[in-house]
Structure formats: structure tokens, C-alpha cells
Amino acid sequence: MKSESNTVLITGGGSGIGFETAKLFVEKGNKVIIAGRNLEKLEAAAEQLGNVSIIQCDITSESDVNNLVVRITTEYPDLNILINNSGAAFGYSLAEGANAHASALKEMEINYLAPVRLTEKLLPILKNQAESAIINITSVVAIVPWAVMPTYSASKAALQSYTRLLRLSLRTSNIQVFEVLPPLVDTAFSKNIPVDKMDPKDVAAAILDGVILDKHEIRIGFSEMFYGLNQQSPEKALNALNGIS
Ligand SMILES: NC(=O)c1ccc[n+]([C@@H]2O[C@H](COP(=O)([O-])OP(=O)(O)OC[C@H]3O[C@@H](n4cnc5c(N)ncnc54)[C@H](OP(=O)(O)O)[C@@H]3O)[C@@H](O)[C@H]2O)c1
């Protein structure tokens with residue numbers, strides 16, 4: 001996939017991994033649109049990024065998504081890369097009655113159902129281009145679930161499963177489907193997790209490299225190690241990620 005002269009929509013592009021990815025795509029000479037709920041955050045990001053457009057959108061809201069699709073259709077009809085990056089998680093223990101159902105509902109909406117809807121609505125535009133890509137950000141916890149974020153892990157596993165079948169379904173089309181599996185990354189998302197984390201700049205660089213090389217499963221940092229361990233023994237991988245010896 002070419003890395004220049006694309007038109008790229010990045011959900012959650014106002015911060016963290018999305019922001020750093022937007023920065024790299026801008027530097028490479030792509031047209032970039034960042035989306036998110038918080039207009040002030042998007043405006044501050046746009047000021048730093050320079051040449052980007054912003055669309056305020058809660059991707060869990062059908063009317064917001066419909067408005068976004070109208071804007072893309074009229075203002076950016078050459079859109080050829082969609083990066084489904086927005087996400088959220090709740091940290092809690094399933095053993096402690098922490099209202100798991102309410103957390104799961106929210107996480108499935110933002111991490112799974114929203115990307116499914118947005119992708120479906122933008123598919124006709126992506127199909128119109130010579131070369132397109134859909135890039136879904138999942139996580140190492142899509143491979144091996146993490147007890148600290150139980151229903152988040154399940155939502156990313158759902159997105160992974162969907163991404164694989166989307167790739168299979170579009171294999172003879174002009175659209176390549178990528179999955180990005182970051183390890184723990186140093187962003188607002190993970191600020192309360194006191195362990196070593198990867199710099200989001202390095203995650204963005206790995207995403208761009210993967211896209212250039214047509215590497216459809218981009219496993220970054222320790223995600224690659226957990227992928228290998230899980231291939232050998234899902235039980236060993238589960239225990240290792242969850243610190244059970
Ligand atoms: N950080 C990690 O350790 C890690 C590891 C693996 C995977 N990931 C994944 O990487 C992706 C990016 O996360 P990050 O680490 O860069 O954290 P982040 O800085 O908190 O970014 C999350 C982004 O999602 C946007 N967002 C949240 N809810 C939204 C909604 N309803 N509609 C539209 N946008 C929404 C936020 O923007 P607004 O607040 O403006 O809406 C924010 O810009 C997520 O999918 C996350 O699951 C993160």
C-alpha cells in the first residue's frame with residue numbers, strides 16, 4: 001500500500017496513538033482527517049499537526065456517524081484509508097462484582113459495534129478508489145485476555161474476529177484490511193497502569209511500516225511474543241500475561 005497521497009480518516013486522532021499516526025501520515029504528504037468527541041482536543045491537536053481537518057463525532061452515535069459520512073462524501077470523496085482507532089476500557093476484576101454488564105455494554109459499543117457501523121457506511125466510498133485500506137486497532141489482549149480489563153479484552157477479541165472476516169470477504173477487492181495489535185502504550189488510556197509502556201510514536205511508526213509492507217497483522221512489541229506463546233499453548237500465554245506461574 002502506498003504511504004503518500006492518501007486521504008486518511010483517523011477516529012480518536014486527537015490524542016495518543018491516533019495523534020501520532022496522524023502526525024506521520026501528515027509528514028508523508030497525506031490528507032488527514034481526525035475525528036473524536038472532544039472539539040477542544042481536536043482543535044489543539046490540529047494546531048500541532050498543521051495541515052489536518054477535524055470532524056467532531058461520537059462514533060457510538062448513529063446520527064453523528066451519519067453526519068460524518070455526509071461530510072466525507074461531500075468534502076473528501078477520495079477517502080481511501082479508514083483507521084478505526086477510537087477506543088475505551090474499564091479496569092476492574094470480575095471477581096468483585098464490578099457491574100461487568102454495564103462496562104461490557106459500553107466497551108462493545110465503542111470498541112466493536114461502532115467500528116462495524118462506521119466501516120459499513122464508508123465501504124462504498126472506499127470501494128470507489130483505486131487502492132484502499134481499513135486499519136483496525138485491536139490489542140495484545142485480543143490474542144490473550146487480560147484479567148485487569150476483562151470485558152475490554154472480549155471487545156477487542158470481537159473486533160479481531162470481525163477484522164479477519166472483513167479481510168477474507170474483501171480479498172478480491174481494492175481494499176486491504178489491517179489489524180494493529182499494540183502492547184501497553186503510554187497514552188491517557190493507560191495512565192493508571194504502572195508498568196513499562198511503549199511510546200505511541202513507535203506504535204505509529206510500526207503502523208506505517210506495516211501498511212507500506214502490506215503486513216496485514218501488525219503485532220507490535222510484546223504482542224508478537226504473546227502471539228507466539230499463544231500458538232504454542234493458550235494456557236501458558238493466559239497465565240503469563242496474567243502473572244500466574
Ligand atoms: N494505550 C494502550 O496501552 C493501548 C494498547 C492496545 C490498544 N490500544 C488501543 O489504541 C486505541 C487508541 O488508544 P490510545 O492508547 O491512543 O488512548 P487515547 O489517547 O485515550 O485515545 C483514545 C481516543 O478515542 C477517542 N474516543 C473515545 N471514545 C470515543 C467515541 N465515543 N467517539 C469518538 N472517539 C472516541 C478519544 O477522543 P475523544 O475523547 O475526543 O472522543 C481518544 O482520542 C484504542 O482503540 C485502544 O483500545 C491502546
# chains A, B, ... in the order shown; residues from 1 in each chain; ligands from 1
>>> residues_near_ligand(ligand="ligand 1", cutoff="9 Å", atoms="only C-alpha atoms and all ligand atoms", output="MDAnalysis selection string")
chainID A and resid 11:20 35:42 56:61 84:89 109:111 114 136:141 152 156 180:191 193 197:198 200
>>> residues_around(residues="Lys215 of chain A", least_positions_apart="6", cutoff="12 Å", atoms="only C-alpha atoms", output="MDAnalysis selection string")
chainID A and resid 1 133 135 176:180 206:209
>>> select_by_dssp(residues="chain A", states="strand (DSSP E)", output="PyMOL selection string")
chain A and resi 7-11+31-36+52-56+81-84+132-137+175-181+217-219
>>> write_last_selection(atoms="C-alpha atoms", output="short mmCIF file (atom, residue, chain, number, x, y, z; two decimals), in the first residue's frame")
data_model
loop_
_atom_site.label_atom_id
_atom_site.label_comp_id
_atom_site.auth_asym_id
_atom_site.auth_seq_id
_atom_site.Cartn_x
_atom_site.Cartn_y
_atom_site.Cartn_z
CA THR A 7 -6.86 10.59 2.20
CA VAL A 8 -6.98 9.18 5.71
CA LEU A 9 -9.70 9.30 8.37
CA ILE A 10 -8.45 8.51 11.89
CA THR A 11 -11.03 8.11 14.65
CA LYS A 31 -4.58 14.40 3.53
CA VAL A 32 -5.64 13.59 7.11
CA ILE A 33 -8.97 14.00 8.88
CA ILE A 34 -9.11 13.37 12.64
CA ALA A 35 -12.37 12.61 14.45
CA GLY A 36 -13.40 12.45 18.09
CA VAL A 52 -5.36 18.35 9.07
CA SER A 53 -9.14 18.59 9.05
CA ILE A 54 -11.30 17.79 12.04
CA ILE A 55 -14.74 16.26 12.38
CA GLN A 56 -16.43 16.20 15.77
CA ILE A 81 -7.86 4.88 4.31
CA LEU A 82 -10.06 4.40 7.37
CA ILE A 83 -8.29 3.92 10.71
CA ASN A 84 -10.67 2.64 13.39
CA SER A 132 -7.92 1.48 -0.13
CA ALA A 133 -7.25 0.25 3.39
CA ILE A 134 -9.18 -0.34 6.58
CA ILE A 135 -6.92 -0.39 9.63
CA ASN A 136 -8.44 -1.63 12.88
CA ILE A 137 -6.61 -1.09 16.15
CA ILE A 175 -9.47 -2.81 -0.10
CA GLN A 176 -6.75 -4.24 2.14
CA VAL A 177 -7.69 -4.88 5.76
CA PHE A 178 -5.10 -4.46 8.50
CA GLU A 179 -5.17 -5.29 12.19
CA VAL A 180 -2.81 -3.47 14.54
CA LEU A 181 -2.08 -5.16 17.88
CA GLU A 217 -1.42 -8.31 11.08
CA ILE A 218 0.84 -5.73 12.68
CA ARG A 219 1.87 -7.15 16.05
#
